[in-house]
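Novice: Okay, here's the structure, questions in a sec.
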Amino acid sequence: MMRVWLAAVALTASLGAAGAAALDPVLNDPILSWNEPVPADCKNAGTTIALDSCAGTVFKKNYLAMVALYNGLAGKYDKKNRALLQAAQRSWYKYVTDQCAFATAPTEGGTINSMIVTECKNDHTLERITELKAQRDCQEGDMSCNHP
C-alpha cells in the first residue's frame, strides 16, 4: 500500500503541470495504474497488506469517478469558468493532502498509516463527488451554483 501513498505524493507533484481543460494531474498518476492484488473478500481482510489493498482499490474506483465527473463538467464551461473550476480542484487537492497528513499524523511510521491515509483521501473524494454532482446538476437560474 506504500505505493498508493507514494502515488499520492506523485499526484501532488504532477498537479502543478495539469492541463487547463482537464484535471490531468492524473495523466501519469501512479494511483490510476495501481495494480496490487485485491483480496477476494475485502470484508474479511485480515492482514495489513490485505486491508491496504482493499482500501487502495476502493480509493482508485472513487478517484476515477471523481476525475470523470470533473472532466465532464470542465468540458461544459467556457475558458474563464473552466479555469475557476480547475483552481478550485487544485485547492481541493492541496487541502485533502494537507488535511489527511494532519489527521493521520499519529499513525505516521506505523504499518497501518498508508491505509488510514488512503481512507481519509477516499472520504474526501466521496465528498468531492457529491459537490461535483451538485454542480453538474445545477439548474439555470439557480444562484447557488455555476450553471454550465
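The way I read the labels, and the way they are meant: chains A, B, ... in the order of the C-alpha cells, residue 1 as the first residue of every chain, and ligand 1 as the first ligand shown, with later ones counted on from there.
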Using only C-alpha atoms, what table do you get, as CSV, when you list each residue of range 27-102 of chain A with an atom no more than 8 Å from range 112-122 of chain A, its nearest pair of atoms, and their distance in Å rounded to one decimal, rows by chain then rising number?
Specialist:
```
residue,atom,partner,partner_atom,distance
A:Thr48,CA,A:Ile112,CA,6.6
A:Leu51,CA,A:Met115,CA,7.0
A:Asp52,CA,A:Met115,CA,5.0
A:Ala55,CA,A:Met115,CA,6.2
A:Gly56,CA,A:Thr118,CA,6.5
A:Val58,CA,A:Asn122,CA,7.6
A:Phe59,CA,A:Asn122,CA,5.1
A:Asn62,CA,A:Asn122,CA,7.1
A:Tyr63,CA,A:Asn122,CA,7.5
A:Val96,CA,A:Lys121,CA,6.4
A:Thr97,CA,A:Lys121,CA,7.5
A:Cys100,CA,A:Cys120,CA,5.8
A:Ala101,CA,A:Val117,CA,7.2
```
Novice: Dump C-alpha atoms for the selected residues as a PDB file, in the first residue's frame?
Specialist:
```
ATOM      1  CA  THR A  48      -2.451  -5.155   6.941  1.00  0.00           C
ATOM      2  CA  LEU A  51      -6.556  -4.097   4.261  1.00  0.00           C
ATOM      3  CA  ASP A  52      -4.210  -1.778   2.353  1.00  0.00           C
ATOM      4  CA  ALA A  55      -8.581   0.479   0.717  1.00  0.00           C
ATOM      5  CA  GLY A  56      -6.481   1.276  -2.339  1.00  0.00           C
ATOM      6  CA  VAL A  58     -11.888   1.456  -3.276  1.00  0.00           C
ATOM      7  CA  PHE A  59      -9.996   4.750  -3.416  1.00  0.00           C
ATOM      8  CA  ASN A  62     -13.862   6.575  -6.408  1.00  0.00           C
ATOM      9  CA  TYR A  63     -10.982   8.737  -7.553  1.00  0.00           C
ATOM     10  CA  VAL A  96      -7.101  16.957   1.102  1.00  0.00           C
ATOM     11  CA  THR A  97      -3.390  16.207   1.004  1.00  0.00           C
ATOM     12  CA  CYS A 100      -5.076  13.851   5.631  1.00  0.00           C
ATOM     13  CA  ALA A 101      -1.407  14.332   6.551  1.00  0.00           C
TER      14      ALA A 101
END
```
Novice: Using only C-alpha atoms, what does the table of range 105-144 of chain A residues within 12 Å of range 80-89 of chain A look like, with each row giving the shortest atom pair and its distance in Å to one decimal, sorted by chain and ascending number, as CSV?
Specialist:
```
residue,atom,partner,partner_atom,distance
A:Thr125,CA,A:Gln89,CA,11.1
A:Arg128,CA,A:Gln89,CA,9.1
A:Ile129,CA,A:Gln89,CA,11.4
A:Glu131,CA,A:Gln89,CA,11.0
A:Leu132,CA,A:Gln89,CA,10.0
A:Gln135,CA,A:Leu85,CA,10.3
A:Arg136,CA,A:Leu85,CA,11.7
```
Novice: May I ask for the distance between CA of Leu126 in chain A and CA of Met66 in chain A, given in Å to one decimal place?
Specialist: 7.9 Å
Novice: Just list as a VMD selection string whatever in range 23-146 of chain A DSSP marks as helix (DSSP H, G or I).
Specialist: chain A and resid 42 to 44 48 to 74 79 to 103 105 to 107 113 to 136
Novice: Just the residues within 10 Å of Gln99 in chain A, please, counting only C-alpha atoms, with nothing from its chain fewer than 4 positions along; format it as a short mmCIF file (atom, residue, chain, number, x, y, z; two decimals) with N, CA and C atoms, in the first residue's frame.
Specialist:
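This went into result_17.cif:
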```cif
data_model
loop_
_atom_site.label_atom_id
_atom_site.label_comp_id
_atom_site.auth_asym_id
_atom_site.auth_seq_id
_atom_site.Cartn_x
_atom_site.Cartn_y
_atom_site.Cartn_z
N TYR A 93 -7.51 19.58 -3.87
CA TYR A 93 -6.49 18.53 -3.78
C TYR A 93 -5.45 18.86 -2.72
N LYS A 94 -4.99 20.10 -2.71
CA LYS A 94 -4.00 20.50 -1.70
C LYS A 94 -4.59 20.39 -0.31
N TYR A 95 -5.82 20.83 -0.14
CA TYR A 95 -6.49 20.72 1.16
C TYR A 95 -6.55 19.26 1.61
N ALA A 103 -4.45 14.74 9.88
CA ALA A 103 -5.36 13.84 10.58
C ALA A 103 -4.73 12.48 10.88
N THR A 104 -3.80 12.05 10.04
CA THR A 104 -3.22 10.72 10.22
C THR A 104 -1.82 10.75 10.82
N ALA A 105 -1.37 11.92 11.24
CA ALA A 105 -0.03 12.06 11.82
C ALA A 105 0.23 11.08 12.98
N VAL A 117 -4.35 6.85 5.64
CA VAL A 117 -4.24 8.00 4.72
C VAL A 117 -5.15 7.78 3.52
N CYS A 120 -8.73 8.29 4.44
CA CYS A 120 -9.00 9.71 4.61
C CYS A 120 -9.21 10.37 3.25
N LYS A 121 -8.32 10.09 2.32
CA LYS A 121 -8.43 10.68 0.98
C LYS A 121 -9.69 10.18 0.26
N HIS A 124 -12.73 12.14 1.55
CA HIS A 124 -12.79 13.47 0.94
C HIS A 124 -13.18 13.40 -0.54
#
```
Novice: Work out how far apart CA of Cys138 in chain A and CA of Leu73 in chain A are and give it in Å to one decimal.
Specialist: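 Going from CA of Cys138 in chain A over to CA of Leu73 in chain A, I get 10.8 Å.
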Novice: Please report the interatomic distance between CA of Asn146 in chain A and CA of Lys60 in chain A in Å with one decimal.
Specialist: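 Those two atoms sit 27.7 Å apart.
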Novice: Within 10 Å of Asp41 in chain A, counting only C-alpha atoms, which residues show up once you throw out same-chain ones fewer than 4 positions away? Write them as JSON, numbers by chain, please.
Specialist: {"A": [45, 46, 50, 54]}
